[in-house]
file entry_18.txt (compact mmCIF, C-alpha atoms)
# COMPACT_ATOMS: atom_id res chain seq x y z
CA MET A 150 26.10 -6.17 -8.74
CA ILE A 151 22.79 -4.62 -9.77
CA LEU A 152 20.69 -7.49 -8.37
CA ASP A 153 22.15 -6.79 -4.92
CA GLU A 154 20.45 -3.38 -5.04
CA PHE A 155 17.06 -5.13 -4.94
CA LYS A 156 17.82 -7.14 -1.80
CA LEU A 157 16.12 -6.19 1.46
CA ASP A 158 18.27 -8.23 3.83
CA GLY A 159 18.26 -6.72 7.30
CA LYS A 160 15.40 -4.32 6.50
CA VAL A 161 12.18 -4.05 8.52
CA ALA A 162 8.93 -3.28 6.72
CA ILE A 163 5.52 -2.32 8.07
CA VAL A 164 2.65 -3.27 5.74
CA THR A 165 -0.93 -2.28 6.51
CA GLY A 166 -3.84 -4.40 5.32
CA SER A 167 -1.66 -7.50 5.57
CA SER A 168 -4.18 -10.30 6.07
CA THR A 169 -5.39 -10.70 2.47
CA GLY A 170 -5.18 -9.32 -1.06
CA LEU A 171 -2.57 -6.85 -2.22
CA GLY A 172 -1.22 -6.27 1.28
CA GLN A 173 -0.63 -9.96 1.80
CA GLY A 174 1.03 -10.24 -1.60
CA ILE A 175 3.31 -7.30 -0.81
CA CYS A 176 4.24 -8.89 2.52
CA PHE A 177 5.26 -12.06 0.68
CA GLY A 178 7.32 -10.14 -1.87
CA LEU A 179 9.20 -8.08 0.74
CA ALA A 180 9.88 -11.18 2.83
CA GLU A 181 11.16 -13.11 -0.18
CA ALA A 182 13.53 -10.19 -0.85
CA GLY A 183 14.91 -10.54 2.68
CA ALA A 184 12.90 -8.18 4.91
CA SER A 185 11.38 -8.82 8.31
CA VAL A 186 7.71 -7.80 8.12
CA VAL A 187 5.29 -6.17 10.54
CA GLY A 188 1.77 -6.86 9.28
CA VAL A 189 -1.06 -4.62 10.47
CA ASP A 190 -4.74 -5.37 9.97
CA TYR A 191 -8.04 -5.24 11.83
CA VAL A 192 -7.93 -9.04 12.02
CA PRO A 193 -4.89 -11.23 12.77
CA SER A 194 -2.75 -11.93 9.69
CA THR A 195 -2.58 -15.63 10.49
CA GLU A 196 -2.15 -16.98 6.96
CA THR A 197 0.39 -14.30 6.07
CA GLU A 198 2.40 -15.07 9.20
CA ALA A 199 2.40 -18.80 8.54
CA GLN A 200 3.70 -18.41 5.00
CA ILE A 201 6.39 -15.87 5.89
CA THR A 202 7.70 -17.78 8.88
CA GLY A 203 7.66 -20.85 6.65
CA MET A 204 10.16 -19.03 4.43
CA GLY A 205 12.44 -18.62 7.44
CA ARG A 206 11.66 -14.89 7.68
CA LYS A 207 10.40 -12.96 10.70
CA PHE A 208 6.83 -11.69 10.92
CA LEU A 209 5.04 -9.68 13.62
CA SER A 210 1.25 -9.52 13.41
CA ILE A 211 -0.40 -6.44 14.94
CA THR A 212 -4.18 -6.19 15.11
CA ALA A 213 -5.39 -2.58 14.85
CA ASN A 214 -8.30 -0.65 13.34
CA LEU A 215 -6.83 2.02 11.08
CA LEU A 216 -10.13 3.85 10.61
CA SER A 217 -8.59 5.91 13.42
CA ILE A 218 -5.04 7.24 13.68
CA GLU A 219 -4.96 6.42 17.40
CA PRO A 220 -3.12 3.06 17.02
CA ILE A 221 -0.25 4.46 14.93
CA PRO A 222 2.23 5.45 17.70
CA GLY A 223 1.78 2.07 19.38
CA ILE A 224 2.38 0.22 16.11
CA ILE A 225 5.62 2.11 15.48
CA LYS A 226 6.77 1.46 19.06
CA GLN A 227 5.94 -2.26 18.91
CA ALA A 228 7.79 -2.63 15.60
CA VAL A 229 10.87 -0.84 16.93
CA ASP A 230 10.77 -2.70 20.25
CA THR A 231 10.64 -6.01 18.36
CA PHE A 232 13.08 -5.39 15.52
CA GLY A 233 15.10 -2.37 16.68
CA ARG A 234 14.21 -0.16 13.70
CA ILE A 235 11.94 0.32 10.71
CA ASP A 236 13.07 0.94 7.15
CA ILE A 237 9.96 0.61 4.97
CA LEU A 238 6.31 1.57 5.33
CA VAL A 239 3.67 0.33 2.88
CA ASN A 240 0.34 2.15 3.32
CA ASN A 241 -1.92 -0.44 1.73
CA ALA A 242 -4.96 -0.62 4.04
CA GLY A 243 -8.05 0.92 2.49
CA ILE A 244 -11.77 0.54 1.91
CA ILE A 245 -14.28 1.39 -0.82
CA ARG A 246 -18.01 2.22 -0.67
CA ARG A 247 -20.14 2.08 -3.83
CA THR A 248 -23.24 4.30 -4.16
CA ASP A 249 -24.41 6.85 -6.72
CA ALA A 250 -23.04 10.29 -5.90
CA LEU A 251 -26.59 11.66 -5.51
CA ASP A 252 -27.25 9.19 -2.70
CA PHE A 253 -23.80 8.98 -1.08
CA SER A 254 -23.83 9.27 2.72
CA GLU A 255 -21.64 11.33 5.01
CA LYS A 256 -20.63 8.20 6.92
CA ASP A 257 -19.43 6.48 3.75
CA TRP A 258 -17.51 9.62 2.86
CA ASP A 259 -15.87 9.93 6.29
CA ASP A 260 -15.00 6.24 6.72
CA VAL A 261 -13.25 6.02 3.37
CA MET A 262 -11.42 9.34 3.74
CA ASN A 263 -10.29 8.45 7.27
CA ILE A 264 -8.51 5.23 6.38
CA ASN A 265 -7.56 5.93 2.75
CA ILE A 266 -5.90 9.33 3.21
CA LYS A 267 -5.93 10.59 6.81
CA THR A 268 -4.35 7.41 8.15
CA VAL A 269 -1.96 7.28 5.18
CA PHE A 270 -0.66 10.76 5.94
CA PHE A 271 -0.29 10.36 9.69
CA PHE A 272 1.25 6.89 9.44
CA SER A 273 3.75 8.30 6.93
CA GLN A 274 4.48 11.19 9.26
CA ALA A 275 5.13 8.80 12.17
CA ALA A 276 7.39 6.60 10.04
CA ALA A 277 9.32 9.61 8.71
CA ARG A 278 9.92 10.85 12.24
CA GLN A 279 11.28 7.41 13.14
CA PHE A 280 13.51 7.35 10.04
CA ARG A 281 14.86 10.79 10.95
CA GLU A 282 15.47 9.74 14.55
CA GLN A 283 17.35 6.67 13.30
CA LYS A 284 19.32 8.88 10.86
CA SER A 285 18.84 6.02 8.43
CA GLY A 286 16.59 7.29 5.67
CA GLY A 287 13.68 5.11 4.65
CA LYS A 288 11.11 4.13 2.04
CA ILE A 289 7.40 4.93 2.08
CA ILE A 290 5.13 3.30 -0.49
CA ASN A 291 1.52 4.41 -0.72
CA ILE A 292 -1.13 2.41 -2.57
CA ALA A 293 -2.92 4.70 -4.98
CA SER A 294 -5.36 3.59 -7.71
CA MET A 295 -6.45 4.05 -11.31
CA LEU A 296 -8.85 6.53 -9.72
CA SER A 297 -5.88 8.66 -8.75
CA PHE A 298 -5.86 9.45 -12.49
CA GLN A 299 -9.54 9.03 -13.42
CA GLY A 300 -12.95 9.87 -12.01
CA GLY A 301 -14.68 6.51 -11.95
CA ILE A 302 -18.36 6.05 -11.14
CA ARG A 303 -20.28 5.41 -7.90
CA VAL A 304 -17.19 5.74 -5.67
CA PRO A 305 -16.93 9.47 -4.84
CA SER A 306 -15.01 9.20 -1.57
CA TYR A 307 -12.68 6.52 -2.97
CA THR A 308 -11.87 8.71 -5.97
CA ALA A 309 -11.26 11.71 -3.72
CA SER A 310 -9.07 9.74 -1.34
CA LYS A 311 -6.96 8.08 -4.02
CA SER A 312 -6.47 11.36 -5.89
CA ALA A 313 -5.28 12.76 -2.56
CA VAL A 314 -2.88 9.84 -2.08
CA MET A 315 -1.07 10.70 -5.30
CA GLY A 316 -0.93 14.39 -4.37
CA VAL A 317 0.29 13.91 -0.82
CA THR A 318 2.88 11.38 -2.04
CA ARG A 319 4.43 14.22 -4.06
CA LEU A 320 4.20 16.63 -1.13
CA MET A 321 5.94 14.25 1.28
CA ALA A 322 8.61 13.45 -1.30
CA ASN A 323 9.33 17.16 -1.74
CA GLU A 324 9.73 17.76 1.99
CA TRP A 325 11.44 14.56 3.12
CA ALA A 326 13.95 13.84 0.34
CA ARG A 327 16.45 15.92 2.34
CA TYR A 328 16.31 13.21 5.03
CA ASP A 329 17.03 10.45 2.48
CA ILE A 330 13.39 9.36 2.62
CA ASN A 331 11.84 8.21 -0.65
CA VAL A 332 8.06 8.49 -0.93
CA ASN A 333 6.40 6.89 -3.94
CA ALA A 334 3.13 5.16 -4.78
CA ILE A 335 1.80 2.18 -6.69
CA ALA A 336 -1.47 2.52 -8.59
CA PRO A 337 -2.90 -0.97 -9.08
CA GLY A 338 -5.35 -1.53 -11.89
CA TYR A 339 -8.32 -3.85 -11.60
CA MET A 340 -7.13 -6.53 -9.20
CA ALA A 341 -8.83 -9.76 -8.13
CA THR A 342 -9.19 -8.84 -4.45
CA ASN A 343 -11.97 -8.36 -1.90
CA ASN A 344 -12.48 -4.76 -3.04
CA THR A 345 -13.48 -5.87 -6.54
CA ALA A 346 -15.58 -8.92 -5.60
CA ALA A 347 -18.84 -7.13 -6.46
CA LEU A 348 -17.52 -6.02 -9.85
CA ARG A 349 -16.25 -9.47 -10.75
CA ALA A 350 -19.57 -10.99 -9.72
CA ASP A 351 -21.39 -8.68 -12.16
CA ALA A 352 -20.88 -10.52 -15.47
CA ASP A 353 -21.67 -7.51 -17.67
CA ARG A 354 -19.47 -5.09 -15.71
CA SER A 355 -16.63 -7.61 -15.50
CA GLU A 356 -16.70 -8.17 -19.27
CA GLU A 357 -16.75 -4.42 -19.86
CA ILE A 358 -13.67 -3.98 -17.67
CA LEU A 359 -11.75 -6.88 -19.22
CA LYS A 360 -12.33 -5.52 -22.72
CA ARG A 361 -10.55 -2.32 -21.67
CA ILE A 362 -7.48 -4.06 -20.19
CA PRO A 363 -4.87 -4.77 -22.91
CA ALA A 364 -3.49 -7.66 -20.84
CA GLY A 365 -6.96 -9.25 -21.01
CA ARG A 366 -7.12 -10.33 -17.37
CA TRP A 367 -7.62 -9.07 -13.84
CA GLY A 368 -4.41 -8.43 -11.94
CA THR A 369 -3.33 -10.45 -8.91
CA PRO A 370 -1.47 -9.60 -5.70
CA LYS A 371 1.65 -11.22 -7.19
CA ASP A 372 1.59 -8.64 -10.01
CA VAL A 373 2.26 -5.86 -7.47
CA GLN A 374 5.17 -7.56 -5.70
CA GLY A 375 7.88 -6.50 -8.15
CA ALA A 376 6.98 -2.81 -7.98
CA ALA A 377 6.82 -2.95 -4.18
CA VAL A 378 10.22 -4.61 -3.84
CA PHE A 379 11.73 -2.15 -6.32
CA LEU A 380 10.38 0.91 -4.50
CA ALA A 381 11.44 -0.54 -1.12
CA SER A 382 14.99 -1.21 -2.31
CA GLU A 383 18.12 0.80 -2.99
CA ALA A 384 17.53 0.24 -6.71
CA SER A 385 14.93 3.04 -6.56
CA SER A 386 16.98 5.50 -4.48
CA TYR A 387 16.66 8.32 -7.06
CA ILE A 388 12.91 7.91 -7.58
CA ASN A 389 10.81 10.21 -5.43
CA GLY A 390 7.22 11.43 -5.61
CA TYR A 391 6.23 9.14 -8.47
CA THR A 392 3.18 6.90 -8.87
CA ILE A 393 3.79 3.68 -10.81
CA ALA A 394 0.74 2.15 -12.51
CA VAL A 395 0.53 -1.65 -12.36
CA ASP A 396 -2.57 -1.96 -14.49
CA GLY A 397 -2.14 -4.37 -17.39
CA GLY A 398 -2.11 -1.36 -19.73
CA TRP A 399 -5.45 0.16 -18.59
CA LEU A 400 -4.17 3.77 -18.62
CA ALA A 401 -2.56 3.30 -22.02
CA ARG A 402 -5.99 2.86 -23.66
call {"tool": "encode", "arguments": {"input": "entry_18.txt", "output": "structure tokens"}}
result
Amino acid sequence: MILDEFKLDGKVAIVTGSSTGLGQGICFGLAEAGASVVGVDYVPSTETEAQITGMGRKFLSITANLLSIEPIPGIIKQAVDTFGRIDILVNNAGIIRRTDALDFSEKDWDDVMNINIKTVFFFSQAAARQFREQKSGGKIINIASMLSFQGGIRVPSYTASKSAVMGVTRLMANEWARYDINVNAIAPGYMATNNTAALRADADRSEEILKRIPAGRWGTPKDVQGAAVFLASEASSYINGYTIAVDGGWLAR
């Protein structure tokens, strides 16, 4: 039955940025589909854990700062020691810094690039090595952005990093498909999360954005769950290197 292809029973997923926002929503979606979830964030994912264990699913919270790649081997080991394997990696953790390009600092450039693309690549590499060792294949889902397709304003390092996410997603898909590893990305549109709090608080900018979205509203973490479950499941086994926009029609305008 086709609906069985979307089930994640017995699968183990690592989701970064799991305490709030899109990462938390993705954790909920994967758990509802049957997966055990390893949530990684720089603060404990207490609320996420409570809701997932309340569903009767398993959740492991790992606190780690992904501005550095140093924690990655330990996260993989802890996940495997706890659940015996990993099957899915969702690279969701990311940050944004807003300043005019003429005034943008090196620190803001480096911080954003470190977590948004360097960590994404090396976490994917570590997961792919584990998938290959397990001889099981696996699914990697990177969180891209509308600014993987567009330039944006006042977010130079974010634009650079998210353009790189889409490119490296293709690269990894090309190299790792032979190991039955699918690498794809989701490009959320304007979502009501911590990253957009400043935009939503600016009445003029918020109205300008909403006028451009055919759906007429900001997206929510729940809007991303379906795409995440699809890309994590066997239903997407012949999709590789693609970035799916979940944007309320923003790119269609």
call {"tool": "residues_around", "arguments": {"input": "entry_18.txt", "residues": "Lys160 (chain A)", "least_positions_apart": "6", "cutoff": "7 Å", "atoms": "only C-alpha atoms", "output": "ChimeraX atom specification"}}
result
/A:184-185,236
call {"tool": "closest_residue", "arguments": {"input": "entry_18.txt", "among": "A:Gln283, A:Asn214, A:Ser306, A:Thr345", "to": "Pro193 (chain A)", "atoms": "all atoms listed in the file"}}
result
A:Asn214
call {"tool": "closest_residue", "arguments": {"input": "entry_18.txt", "among": "A:Lys284, A:Asn343, A:Ser297, A:Ala322", "to": "Ser168 (chain A)", "atoms": "only C-alpha atoms"}}
result
A:Asn343
call {"tool": "residues_around", "arguments": {"input": "entry_18.txt", "residues": "Ala275 (chain A)", "least_positions_apart": "4", "cutoff": "12 Å", "atoms": "only C-alpha atoms", "output": "list of chain:residue names"}}
result
A:Ile163, A:Ile218, A:Glu219, A:Pro220, A:Ile221, A:Pro222, A:Gly223, A:Ile224, A:Ile225, A:Lys226, A:Ile235, A:Ile237, A:Leu238, A:Thr268, A:Val269, A:Phe270, A:Phe271, A:Gln279, A:Phe280, A:Arg281, A:Glu282, A:Gly287, A:Ile289
call {"tool": "residues_around", "arguments": {"input": "entry_18.txt", "residues": "Ile264 (chain A)", "least_positions_apart": "5", "cutoff": "12 Å", "atoms": "only C-alpha atoms", "output": "short mmCIF file (atom, residue, chain, number, x, y, z; two decimals) with C-alpha atoms, keeping the file's coordinate frame"}}
result
data_model
loop_
_atom_site.label_atom_id
_atom_site.label_comp_id
_atom_site.auth_asym_id
_atom_site.auth_seq_id
_atom_site.Cartn_x
_atom_site.Cartn_y
_atom_site.Cartn_z
CA THR A 165 -0.93 -2.28 6.51
CA GLY A 166 -3.84 -4.40 5.32
CA ASP A 190 -4.74 -5.37 9.97
CA TYR A 191 -8.04 -5.24 11.83
CA ALA A 213 -5.39 -2.58 14.85
CA ASN A 214 -8.30 -0.65 13.34
CA LEU A 215 -6.83 2.02 11.08
CA LEU A 216 -10.13 3.85 10.61
CA SER A 217 -8.59 5.91 13.42
CA ILE A 218 -5.04 7.24 13.68
CA GLU A 219 -4.96 6.42 17.40
CA ILE A 221 -0.25 4.46 14.93
CA ASN A 240 0.34 2.15 3.32
CA ASN A 241 -1.92 -0.44 1.73
CA ALA A 242 -4.96 -0.62 4.04
CA GLY A 243 -8.05 0.92 2.49
CA ILE A 244 -11.77 0.54 1.91
CA ILE A 245 -14.28 1.39 -0.82
CA ASP A 257 -19.43 6.48 3.75
CA TRP A 258 -17.51 9.62 2.86
CA ASP A 259 -15.87 9.93 6.29
CA VAL A 269 -1.96 7.28 5.18
CA PHE A 270 -0.66 10.76 5.94
CA PHE A 271 -0.29 10.36 9.69
CA PHE A 272 1.25 6.89 9.44
CA ILE A 292 -1.13 2.41 -2.57
CA SER A 306 -15.01 9.20 -1.57
CA TYR A 307 -12.68 6.52 -2.97
CA SER A 310 -9.07 9.74 -1.34
CA LYS A 311 -6.96 8.08 -4.02
CA VAL A 314 -2.88 9.84 -2.08
#
call {"tool": "residues_near_point", "arguments": {"input": "entry_18.txt", "point": "(-1.5, -8.0, 7.9)", "cutoff": "8 Å", "atoms": "all atoms listed in the file", "output": "PDB file with C-alpha atoms, in the coordinates of the input"}}
result
ATOM      1  CA  VAL A 164       2.650  -3.270   5.740  1.00  0.00           C
ATOM      2  CA  THR A 165      -0.930  -2.280   6.510  1.00  0.00           C
ATOM      3  CA  GLY A 166      -3.840  -4.400   5.320  1.00  0.00           C
ATOM      4  CA  SER A 167      -1.660  -7.500   5.570  1.00  0.00           C
ATOM      5  CA  SER A 168      -4.180 -10.300   6.070  1.00  0.00           C
ATOM      6  CA  THR A 169      -5.390 -10.700   2.470  1.00  0.00           C
ATOM      7  CA  GLY A 172      -1.220  -6.270   1.280  1.00  0.00           C
ATOM      8  CA  GLN A 173      -0.630  -9.960   1.800  1.00  0.00           C
ATOM      9  CA  CYS A 176       4.240  -8.890   2.520  1.00  0.00           C
ATOM     10  CA  VAL A 187       5.290  -6.170  10.540  1.00  0.00           C
ATOM     11  CA  GLY A 188       1.770  -6.860   9.280  1.00  0.00           C
ATOM     12  CA  VAL A 189      -1.060  -4.620  10.470  1.00  0.00           C
ATOM     13  CA  ASP A 190      -4.740  -5.370   9.970  1.00  0.00           C
ATOM     14  CA  VAL A 192      -7.930  -9.040  12.020  1.00  0.00           C
ATOM     15  CA  PRO A 193      -4.890 -11.230  12.770  1.00  0.00           C
ATOM     16  CA  SER A 194      -2.750 -11.930   9.690  1.00  0.00           C
ATOM     17  CA  THR A 197       0.390 -14.300   6.070  1.00  0.00           C
ATOM     18  CA  SER A 210       1.250  -9.520  13.410  1.00  0.00           C
ATOM     19  CA  ILE A 211      -0.400  -6.440  14.940  1.00  0.00           C
ATOM     20  CA  THR A 212      -4.180  -6.190  15.110  1.00  0.00           C
TER      21      THR A 212
END
call {"tool": "residues_around", "arguments": {"input": "entry_18.txt", "residues": "region 373-386 of chain A", "least_positions_apart": "3", "cutoff": "7 Å", "atoms": "all atoms listed in the file", "output": "short mmCIF file (atom, residue, chain, number, x, y, z; two decimals) with C-alpha atoms, in the frame of the given file"}}
result
data_model
loop_
_atom_site.label_atom_id
_atom_site.label_comp_id
_atom_site.auth_asym_id
_atom_site.auth_seq_id
_atom_site.Cartn_x
_atom_site.Cartn_y
_atom_site.Cartn_z
CA GLU A 154 20.45 -3.38 -5.04
CA PHE A 155 17.06 -5.13 -4.94
CA LYS A 156 17.82 -7.14 -1.80
CA LEU A 157 16.12 -6.19 1.46
CA GLY A 174 1.03 -10.24 -1.60
CA ILE A 175 3.31 -7.30 -0.81
CA GLY A 178 7.32 -10.14 -1.87
CA LEU A 179 9.20 -8.08 0.74
CA ILE A 237 9.96 0.61 4.97
CA LYS A 288 11.11 4.13 2.04
CA ASN A 331 11.84 8.21 -0.65
CA PRO A 370 -1.47 -9.60 -5.70
CA VAL A 395 0.53 -1.65 -12.36
#
call {"tool": "atom_distance", "arguments": {"input": "entry_18.txt", "atom1": "CA of Ala180 (chain A)", "atom2": "CA of Ile266 (chain A)"}}
result
25.9 Å
call {"tool": "axis_aligned_box", "arguments": {"input": "entry_18.txt", "around": "region 225-242 of chain A", "padding_each_side": "3 Å", "output": "JSON"}}
result
{"center_x": 5.1, "center_y": -1.9, "center_z": 11.0, "size_x": 26.1, "size_y": 14.2, "size_z": 24.5}
call {"tool": "atom_distance", "arguments": {"input": "entry_18.txt", "atom1": "CA of Ile335 (chain A)", "atom2": "CA of Ile290 (chain A)"}}
result
7.1 Å
call {"tool": "atom_distance", "arguments": {"input": "entry_18.txt", "atom1": "CA of Gly338 (chain A)", "atom2": "CA of Val186 (chain A)"}}
result
24.7 Å
call {"tool": "closest_residue", "arguments": {"input": "entry_18.txt", "among": "A:Lys371, A:Arg206, A:Ala336, A:Lys360", "to": "Asp158 (chain A)", "atoms": "only C-alpha atoms"}}
result
A:Arg206
call {"tool": "closest_residue", "arguments": {"input": "entry_18.txt", "among": "A:Ala277, A:Ala364, A:Leu359, A:Leu400", "to": "Arg327 (chain A)", "atoms": "only C-alpha atoms"}}
result
A:Ala277
call {"tool": "closest_residue", "arguments": {"input": "entry_18.txt", "among": "A:Trp367, A:Asn333, A:Ile151, A:Gly286", "to": "Arg349 (chain A)", "atoms": "all atoms listed in the file"}}
result
A:Trp367
call {"tool": "closest_residue", "arguments": {"input": "entry_18.txt", "among": "A:Ala199, A:Phe177, A:Leu320, A:Ala182", "to": "Leu152 (chain A)", "atoms": "only C-alpha atoms"}}
result
A:Ala182
call {"tool": "build_atoms", "arguments": {"input": "entry_18.txt", "residues": "region 174-201 of chain A", "atoms": "N, CA and C atoms", "output": "compact mmCIF listing (two decimals), keeping the file's coordinate frame"}}
result
# COMPACT_ATOMS: atom_id res chain seq x y z
N GLY A 174 0.08 -10.01 -0.52
CA GLY A 174 1.03 -10.24 -1.60
C GLY A 174 2.29 -9.42 -1.45
N ILE A 175 2.15 -8.16 -1.03
CA ILE A 175 3.31 -7.30 -0.81
C ILE A 175 4.15 -7.83 0.34
N CYS A 176 3.50 -8.28 1.41
CA CYS A 176 4.24 -8.89 2.52
C CYS A 176 5.11 -10.05 2.02
N PHE A 177 4.52 -10.92 1.20
CA PHE A 177 5.26 -12.06 0.68
C PHE A 177 6.46 -11.60 -0.15
N GLY A 178 6.24 -10.62 -1.02
CA GLY A 178 7.32 -10.14 -1.87
C GLY A 178 8.47 -9.54 -1.07
N LEU A 179 8.15 -8.71 -0.07
CA LEU A 179 9.20 -8.08 0.74
C LEU A 179 9.96 -9.14 1.55
N ALA A 180 9.22 -10.12 2.07
CA ALA A 180 9.88 -11.18 2.83
C ALA A 180 10.79 -12.01 1.94
N GLU A 181 10.33 -12.34 0.75
CA GLU A 181 11.16 -13.11 -0.18
C GLU A 181 12.43 -12.35 -0.54
N ALA A 182 12.36 -11.01 -0.55
CA ALA A 182 13.53 -10.19 -0.85
C ALA A 182 14.45 -10.03 0.35
N GLY A 183 14.02 -10.52 1.53
CA GLY A 183 14.91 -10.54 2.68
C GLY A 183 14.45 -9.76 3.89
N ALA A 184 13.32 -9.04 3.81
CA ALA A 184 12.90 -8.18 4.91
C ALA A 184 12.18 -8.96 6.00
N SER A 185 12.29 -8.44 7.23
CA SER A 185 11.38 -8.82 8.31
C SER A 185 10.14 -7.95 8.16
N VAL A 186 8.96 -8.50 8.43
CA VAL A 186 7.71 -7.80 8.12
C VAL A 186 6.84 -7.66 9.36
N VAL A 187 6.31 -6.45 9.54
CA VAL A 187 5.29 -6.17 10.54
C VAL A 187 3.98 -6.00 9.79
N GLY A 188 3.05 -6.92 9.98
CA GLY A 188 1.77 -6.86 9.28
C GLY A 188 0.69 -6.29 10.19
N VAL A 189 -0.02 -5.28 9.68
CA VAL A 189 -1.06 -4.62 10.47
C VAL A 189 -2.40 -4.78 9.77
N ASP A 190 -3.39 -5.25 10.53
CA ASP A 190 -4.74 -5.37 9.97
C ASP A 190 -5.74 -5.39 11.12
N TYR A 191 -7.02 -5.24 10.78
CA TYR A 191 -8.04 -5.24 11.83
C TYR A 191 -8.38 -6.65 12.29
N VAL A 192 -7.86 -7.64 11.59
CA VAL A 192 -7.93 -9.04 12.02
C VAL A 192 -6.51 -9.60 12.02
N PRO A 193 -6.24 -10.65 12.77
CA PRO A 193 -4.89 -11.23 12.77
C PRO A 193 -4.50 -11.72 11.37
N SER A 194 -3.25 -11.51 11.01
CA SER A 194 -2.75 -11.93 9.69
C SER A 194 -2.17 -13.34 9.79
N THR A 195 -3.02 -14.27 10.17
CA THR A 195 -2.58 -15.63 10.49
C THR A 195 -1.96 -16.34 9.29
N GLU A 196 -2.65 -16.30 8.16
CA GLU A 196 -2.15 -16.98 6.96
C GLU A 196 -0.86 -16.35 6.46
N THR A 197 -0.81 -15.02 6.50
CA THR A 197 0.39 -14.30 6.07
C THR A 197 1.57 -14.68 6.96
N GLU A 198 1.34 -14.71 8.26
CA GLU A 198 2.40 -15.07 9.20
C GLU A 198 2.92 -16.48 8.95
N ALA A 199 2.00 -17.42 8.74
CA ALA A 199 2.40 -18.80 8.54
C ALA A 199 3.28 -18.95 7.31
N GLN A 200 2.93 -18.27 6.23
CA GLN A 200 3.70 -18.41 5.00
C GLN A 200 5.07 -17.75 5.12
N ILE A 201 5.11 -16.58 5.78
CA ILE A 201 6.39 -15.87 5.89
C ILE A 201 7.33 -16.59 6.85
